[in-house]
$ cat query_37.cif   # mmCIF, C-alpha atoms
data_protein
#
loop_
_atom_site.label_atom_id
_atom_site.label_comp_id
_atom_site.auth_asym_id
_atom_site.auth_seq_id
_atom_site.Cartn_x
_atom_site.Cartn_y
_atom_site.Cartn_z
CA MET A 1 215.94 115.27 90.90
CA GLU A 2 217.18 113.11 88.04
CA LYS A 3 215.02 111.05 85.72
CA THR A 4 215.45 107.32 85.61
CA GLN A 5 213.59 104.41 84.13
CA THR A 6 210.00 104.67 85.37
CA ASP A 7 207.24 102.21 86.14
CA ASN A 8 204.73 104.75 84.80
CA PRO A 9 205.87 106.75 81.76
CA ALA A 10 203.10 109.30 82.39
CA CYS A 11 204.59 110.15 85.76
CA GLU A 12 206.87 113.18 85.35
CA ALA A 13 207.68 114.26 88.91
CA PRO A 14 209.77 111.92 91.06
CA VAL A 15 208.25 110.56 94.24
CA ARG A 16 210.13 110.93 97.51
CA LEU A 17 210.08 107.81 99.65
CA ALA A 18 211.20 107.17 103.21
CA PHE A 19 212.03 103.67 104.46
CA ARG A 20 212.47 102.46 108.02
CA VAL A 21 215.55 100.27 108.02
CA SER A 22 216.96 97.47 110.18
CA TYR A 23 220.47 96.04 110.03
CA LEU A 24 222.98 93.98 111.95
CA GLY A 25 226.11 96.08 112.30
CA GLY A 26 228.67 93.33 112.82
CA ARG A 27 229.69 93.00 109.17
CA PHE A 28 229.41 96.69 108.30
CA TYR A 29 232.13 99.29 108.71
CA GLY A 30 229.53 101.71 110.02
CA SER A 31 226.52 103.15 108.18
CA GLN A 32 228.12 106.03 106.25
CA GLN A 33 229.39 105.08 102.81
CA GLN A 34 233.13 104.77 102.33
CA GLU A 35 235.09 104.12 99.18
CA SER A 36 236.84 100.91 100.23
CA GLU A 37 234.70 99.51 103.08
CA ARG A 38 231.37 97.71 103.29
CA THR A 39 228.76 100.10 104.75
CA VAL A 40 224.97 100.22 105.04
CA GLU A 41 224.65 103.28 102.82
CA GLY A 42 226.92 101.66 100.24
CA GLU A 43 224.73 98.54 100.06
CA PHE A 44 221.57 100.67 99.76
CA ILE A 45 222.95 102.80 96.95
CA ALA A 46 224.16 99.72 95.07
CA ALA A 47 220.73 98.07 95.41
CA CYS A 48 218.96 101.21 94.19
CA ARG A 49 221.22 101.41 91.16
CA ARG A 50 220.64 97.75 90.28
CA LEU A 51 216.90 98.46 90.34
CA SER A 52 217.34 101.66 88.28
CA LEU A 53 215.70 103.68 91.03
CA PHE A 54 218.35 106.33 90.44
CA SER A 55 221.87 106.51 89.02
CA ASP A 56 223.20 109.48 90.98
CA TRP A 57 222.50 109.30 94.71
CA ARG A 58 223.17 113.01 95.19
CA LYS A 59 220.61 114.09 92.57
CA ALA A 60 218.14 111.63 94.09
CA GLY A 61 218.57 113.28 97.49
CA PHE A 62 219.62 109.98 99.07
CA LEU A 63 220.03 110.59 102.81
CA PHE A 64 220.14 108.61 106.05
CA ALA A 65 218.78 110.09 109.29
CA GLY A 66 222.13 109.65 110.99
CA ARG A 67 225.36 107.71 111.23
CA THR A 68 226.06 104.62 113.29
CA ASP A 69 229.53 103.37 114.12
CA ARG A 70 231.10 100.08 113.14
CA GLY A 71 229.33 97.19 114.89
CA VAL A 72 226.23 99.22 115.88
CA HIS A 73 222.83 97.78 114.87
CA ALA A 74 219.51 99.41 113.96
CA CYS A 75 215.80 98.72 113.84
CA GLY A 76 214.85 102.40 113.51
CA GLN A 77 217.24 103.88 110.97
CA LEU A 78 215.60 106.01 108.28
CA VAL A 79 216.55 106.55 104.64
CA ALA A 80 214.92 108.77 102.03
CA PHE A 81 215.40 109.26 98.30
CA SER A 82 213.43 110.41 95.25
CA THR A 83 212.67 108.10 92.35
CA HIS A 84 210.53 107.80 89.22
CA ALA A 85 209.88 104.15 90.10
CA PRO A 86 208.30 104.22 93.58
CA ASP A 87 206.25 101.05 93.10
CA ARG A 88 209.34 99.10 92.11
CA ALA A 89 211.25 100.49 95.08
CA ILE A 90 208.56 99.47 97.57
CA ARG A 91 208.08 96.06 95.97
CA THR A 92 211.67 94.94 95.43
CA LEU A 93 214.22 97.00 97.38
CA SER A 94 214.49 94.57 100.31
CA ARG A 95 215.06 91.70 97.86
CA GLN A 96 218.09 93.47 96.43
CA LEU A 97 219.63 94.24 99.82
CA PRO A 98 221.92 91.74 101.57
CA PRO A 99 220.26 89.59 104.28
CA ASP A 100 221.81 91.56 107.15
CA CYS A 101 220.03 94.75 106.01
CA TRP A 102 216.31 95.14 105.21
CA CYS A 103 213.36 97.56 105.11
CA THR A 104 210.49 97.20 107.60
CA ALA A 105 208.19 100.09 106.56
CA TYR A 106 207.80 102.83 103.95
CA SER A 107 206.08 106.18 103.53
CA VAL A 108 205.55 108.66 100.71
CA VAL A 109 206.89 111.97 102.03
CA SER A 110 207.10 115.55 100.79
CA PRO A 111 209.74 116.42 98.16
CA GLU A 112 211.51 118.56 100.77
CA PHE A 113 211.71 115.83 103.41
CA HIS A 114 215.19 115.57 104.97
CA PRO A 115 215.56 112.56 107.29
CA ARG A 116 218.32 114.12 109.37
CA TYR A 117 217.03 117.68 109.77
CA ASP A 118 213.36 116.66 110.08
CA ALA A 119 214.08 114.19 112.89
CA GLN A 120 212.76 115.57 116.19
CA SER A 121 214.30 112.79 118.28
CA ARG A 122 216.41 109.66 118.20
CA THR A 123 216.13 106.70 120.56
CA TYR A 124 218.86 104.15 121.24
CA ARG A 125 218.95 101.01 123.33
CA TYR A 126 222.10 99.57 124.83
CA TYR A 127 221.98 95.91 125.93
CA PHE A 128 224.49 94.84 128.60
CA SER A 129 226.03 91.40 128.21
CA ALA A 130 227.00 91.05 131.90
CA LYS A 131 224.69 90.09 134.74
CA ILE A 132 224.07 93.32 136.64
CA PRO A 133 223.16 92.96 140.34
CA ASP A 134 221.56 96.38 140.86
CA ALA A 135 219.64 97.58 137.80
CA PRO A 136 217.34 99.81 139.95
CA ALA A 137 220.41 101.78 141.09
CA MET A 138 221.31 102.28 137.43
CA ASP A 139 217.83 103.59 136.68
CA ARG A 140 217.95 106.02 139.61
CA ALA A 141 221.36 107.31 138.56
CA ALA A 142 220.26 107.60 134.92
CA GLN A 143 217.52 110.13 135.72
CA VAL A 144 220.21 112.76 136.36
CA PHE A 145 220.80 112.80 132.59
CA ILE A 146 217.32 114.27 131.90
CA GLY A 147 217.51 117.79 130.47
CA SER A 148 220.33 119.73 128.83
CA HIS A 149 223.86 118.96 130.03
CA ASN A 150 227.48 119.30 129.02
CA PHE A 151 228.52 115.82 127.83
CA THR A 152 232.23 116.54 127.43
CA ASN A 153 233.05 113.67 129.83
CA PHE A 154 230.73 111.29 127.98
CA ALA A 155 231.70 111.74 124.34
CA ARG A 156 234.30 112.57 121.73
CA VAL A 157 233.28 116.18 121.24
CA GLN A 158 235.84 117.08 118.53
CA GLY A 159 235.00 120.79 118.44
CA LYS A 160 231.21 120.33 118.50
CA ASN A 161 228.82 121.89 120.99
CA PRO A 162 229.06 119.50 123.98
CA PHE A 163 225.54 120.27 125.24
CA ARG A 164 222.79 117.78 124.43
CA ASN A 165 219.15 117.60 125.61
CA ILE A 166 218.04 114.22 126.97
CA LEU A 167 214.28 113.84 126.62
CA ALA A 168 213.75 110.44 128.26
CA ILE A 169 215.86 107.69 129.79
CA ARG A 170 215.26 104.41 131.59
CA VAL A 171 216.98 101.19 132.57
CA GLY A 172 214.92 98.02 132.14
CA GLU A 173 215.23 94.29 131.69
CA GLU A 174 214.18 92.08 128.80
CA ASP A 175 214.74 88.33 128.39
CA GLY A 176 217.34 88.37 131.14
CA PHE A 177 219.29 91.31 129.67
CA VAL A 178 219.48 94.72 131.33
CA PHE A 179 219.19 97.59 128.85
CA LEU A 180 219.56 101.35 128.79
CA GLU A 181 217.05 103.23 126.61
CA VAL A 182 217.66 106.91 125.97
CA THR A 183 215.93 109.49 123.76
CA ALA A 184 217.41 112.84 122.78
CA GLU A 185 217.19 115.42 120.04
CA SER A 186 220.70 114.41 118.94
CA PHE A 187 223.81 112.67 120.27
CA LEU A 188 227.56 113.13 120.20
CA TRP A 189 230.01 110.50 118.98
CA HIS A 190 230.25 107.64 121.54
CA GLN A 191 227.89 109.48 123.90
CA ILE A 192 225.47 106.60 124.54
CA ARG A 193 228.22 104.02 124.88
CA CYS A 194 229.99 106.22 127.45
CA MET A 195 226.71 106.78 129.31
CA ALA A 196 226.22 103.01 129.35
CA ALA A 197 229.78 102.47 130.62
CA ALA A 198 229.23 104.90 133.51
CA LEU A 199 225.87 103.40 134.48
CA TYR A 200 227.37 99.92 134.33
CA LEU A 201 229.79 100.89 137.12
CA VAL A 202 226.83 101.99 139.24
CA GLY A 203 224.91 98.79 138.57
CA MET A 204 227.92 96.68 139.50
CA GLY A 205 228.30 98.53 142.81
CA LEU A 206 231.66 100.03 141.78
CA GLU A 207 230.32 103.60 141.92
CA GLN A 208 227.57 105.33 143.89
CA ASP A 209 224.36 106.89 142.55
CA ASP A 210 225.96 110.38 142.52
CA TYR A 211 228.68 109.25 140.09
CA ILE A 212 226.71 110.47 137.06
CA ALA A 213 226.12 113.93 138.54
CA HIS A 214 229.83 114.17 139.31
CA LEU A 215 230.81 113.35 135.72
CA LEU A 216 228.35 115.89 134.33
CA GLU A 217 229.68 118.66 136.54
CA ALA A 218 233.38 117.95 137.09
CA THR A 219 236.48 118.06 134.91
CA THR A 220 237.98 114.57 134.71
CA GLU A 221 241.56 113.65 133.93
CA LYS A 222 240.75 110.32 132.27
CA ALA A 223 238.07 109.89 129.60
CA LEU A 224 235.48 107.16 129.96
CA GLN A 225 236.07 104.08 127.84
CA PRO A 226 232.95 103.51 125.68
CA ALA A 227 231.03 100.28 126.21
CA PRO A 228 231.42 97.76 123.34
CA ALA A 229 229.56 98.68 120.14
CA GLU A 230 227.79 95.34 119.68
CA GLY A 231 225.28 96.10 122.45
CA LEU A 232 224.00 99.31 120.84
CA VAL A 233 220.83 99.51 118.70
CA LEU A 234 219.41 102.58 116.97
CA TRP A 235 215.86 101.95 118.18
CA ASP A 236 213.79 104.72 116.61
CA THR A 237 214.01 107.97 114.65
CA GLY A 238 211.12 110.29 115.43
CA CYS A 239 210.07 112.18 112.30
CA GLY A 240 206.27 112.12 112.70
CA ILE A 241 205.90 109.77 109.73
CA GLN A 242 202.86 107.54 109.21
CA TRP A 243 204.42 104.23 108.21
CA THR A 244 203.06 101.40 106.08
CA GLU A 245 204.53 98.16 107.40
CA MET A 246 206.53 95.90 105.06
CA ASP A 247 207.44 92.23 105.13
CA SER A 248 211.11 91.93 106.09
CA GLY A 249 211.55 89.08 103.62
CA VAL A 250 212.34 85.39 103.84
CA ARG A 251 216.08 85.87 103.24
CA SER A 252 216.57 88.16 106.21
CA GLU A 253 214.34 86.08 108.50
CA THR A 254 216.23 82.92 107.53
CA TYR A 255 219.55 84.68 108.08
CA LEU A 256 218.50 85.87 111.55
CA ASP A 257 217.22 82.41 112.50
CA HIS A 258 220.56 80.94 111.41
CA LEU A 259 222.47 83.44 113.57
CA ILE A 260 220.25 82.72 116.59
CA ALA A 261 220.86 78.98 116.24
CA HIS A 262 224.59 79.48 115.63
CA HIS A 263 225.10 81.65 118.70
CA ALA A 264 223.06 79.27 120.85
CA LEU A 265 225.34 76.45 119.67
CA MET A 266 228.50 78.48 120.33
CA GLY A 267 227.21 79.31 123.80
CA LYS A 268 226.87 75.60 124.49
CA VAL A 269 230.35 74.86 123.09
CA CYS A 270 231.89 77.61 125.22
CA ARG A 271 230.23 76.27 128.36
CA VAL A 272 231.45 72.74 127.60
CA LEU A 273 235.03 73.93 127.04
CA ARG A 274 234.94 76.01 130.22
CA ASP A 275 233.48 73.20 132.36
CA ARG A 276 235.85 70.54 130.95
CA GLY A 277 238.79 72.75 131.85
CA THR A 278 237.88 73.01 135.53
#

$ encode --input "query_37.cif" --output "structure tokens"
Amino acid sequence: MEKTQTDNPACEAPVRLAFRVSYLGGRFYGSQQQESERTVEGEFIAACRRLSLFSDWRKAGFLFAGRTDRGVHACGQLVAFSTHAPDRAIRTLSRQLPPDCWCTAYSVVSPEFHPRYDAQSRTYRYYFSAKIPDAPAMDRAAQVFIGSHNFTNFARVQGKNPFRNILAIRVGEEDGFVFLEVTAESFLWHQIRCMAAALYLVGMGLEQDDYIAHLLEATTEKALQPAPAEGLVLWDTGCGIQWTEMDSGVRSETYLDHLIAHHALMGKVCRVLRDRGT
């Protein structure tokens, strides 16, 4: 690992830190850094460089636990890197990040810790925007996913092993929104959004409970269209870490409060425009 400016000159070995990360995905072109697009990793690396936590992200072992697509959110993403200034990182990293991305917890981990390979599980939630008349039917149908299955009909496989092991799954309701929560060792590209799209058809009464079993077993001519990205949240990454909670920061809380108020206002405006037109 490289040496950088240090908070403690007597400290020779870098300290490896892990941070639990939240972000709103709407203004990011996914999580993985890209040369010409705004990404979560790109913002993190830029913030770390401004704080002189490291200069070369590769030598610092900077790694995310996984990738999320454009528009996907997170409250359980995980990032790790090594630095000679751990106190500064813990104290000020969230202040250097933009308001739509922040740290919620940290942990000092072993020098060998790899957030992707050391993750035993990943949990996602998908929130449905539509009113769903039969959420219990969705939950019953979802249980067929438990265990190891071929998800060719539920993902963009692109030459990868199509089998994935689903550890837990449920359909619930929170604040008037139906959600799908699913935990697995790993996922394929678009897998959860396609699972959500299939279960949505069951909940709307457009398909029967055995629809999921059919898709897992049969060869289909037409691929499922993934559900919209904005409903998907990376909920948790299970690495067995003991976290120390962090304050998310006034900037991020203020930003979120502003978005909540803005969307409530736009909901009212949309209802007024709809009702005045009828």

$ residues_near_point --input "query_37.cif" --point "(224.6, 101.9, 98.2)" --cutoff "12 Å" --atoms "all atoms listed in the file" --output "PyMOL selection string"
chain A and resi 31-35+37-51+53-58+62-64+79+81+93+96-98+101

$ residues_around --input "query_37.cif" --residues "segment 195-199 of chain A" --least-positions-apart "6" --cutoff "12 Å" --atoms "all atoms listed in the file" --output "ChimeraX atom specification"
/A:124-130,132,134-145,151-155,166,169-171,178-182,187-189,205-216,223-229,231-232

$ resolve_selection --input "query_37.cif" --expression "the PyMOL selection byres ((chain A and resi 65) around 6)" --output "list of chain:residue names"
A:Phe64, A:Gly66, A:Leu78, A:Pro115, A:Arg116

$ closest_residue --input "query_37.cif" --among "A:Thr92, A:Asn165, A:Thr104, A:Thr244" --to "Ser52 of chain A" --atoms "only C-alpha atoms"
A:Thr92

$ atom_distance --input "query_37.cif" --atom1 "atom CA of Gly172 of chain A" --atom2 "atom CA of Glu217 of chain A"
25.8 Å

$ atom_distance --input "query_37.cif" --atom1 "atom CA of Asp69 of chain A" --atom2 "atom CA of Phe113 of chain A"
24.2 Å

$ closest_residue --input "query_37.cif" --among "A:Ile146, A:Leu24, A:Ile241, A:Leu201" --to "Leu259 of chain A" --atoms "all atoms listed in the file"
A:Leu24

$ residues_around --input "query_37.cif" --residues "Phe19 of chain A" --least-positions-apart "5" --cutoff "7 Å" --atoms "only C-alpha atoms" --output "list in words"
Leu78, Val79, Ala80, Cys103, Ala105, Tyr106 and Ser107 of chain A

$ atom_distance --input "query_37.cif" --atom1 "atom CA of Arg67 of chain A" --atom2 "atom CA of Ala119 of chain A"
13.1 Å

$ residues_around --input "query_37.cif" --residues "Thr237 of chain A" --least-positions-apart "5" --cutoff "7 Å" --atoms "all atoms listed in the file" --output "PDB file with C-alpha atoms, in the coordinates of the input"
ATOM      1  CA  GLY A  76     214.850 102.400 113.510  1.00  0.00           C
ATOM      2  CA  GLN A  77     217.240 103.880 110.970  1.00  0.00           C
ATOM      3  CA  LEU A  78     215.600 106.010 108.280  1.00  0.00           C
ATOM      4  CA  ALA A 119     214.080 114.190 112.890  1.00  0.00           C
ATOM      5  CA  SER A 121     214.300 112.790 118.280  1.00  0.00           C
ATOM      6  CA  ARG A 122     216.410 109.660 118.200  1.00  0.00           C
ATOM      7  CA  THR A 123     216.130 106.700 120.560  1.00  0.00           C
TER       8      THR A 123
END

$ closest_residue --input "query_37.cif" --among "A:Ala184, A:Ile260, A:Leu265, A:Met246" --to "Arg20 of chain A" --atoms "only C-alpha atoms"
A:Met246

$ closest_residue --input "query_37.cif" --among "A:His114, A:Arg193, A:His263, A:Lys59" --to "Val233 of chain A" --atoms "only C-alpha atoms"
A:Arg193
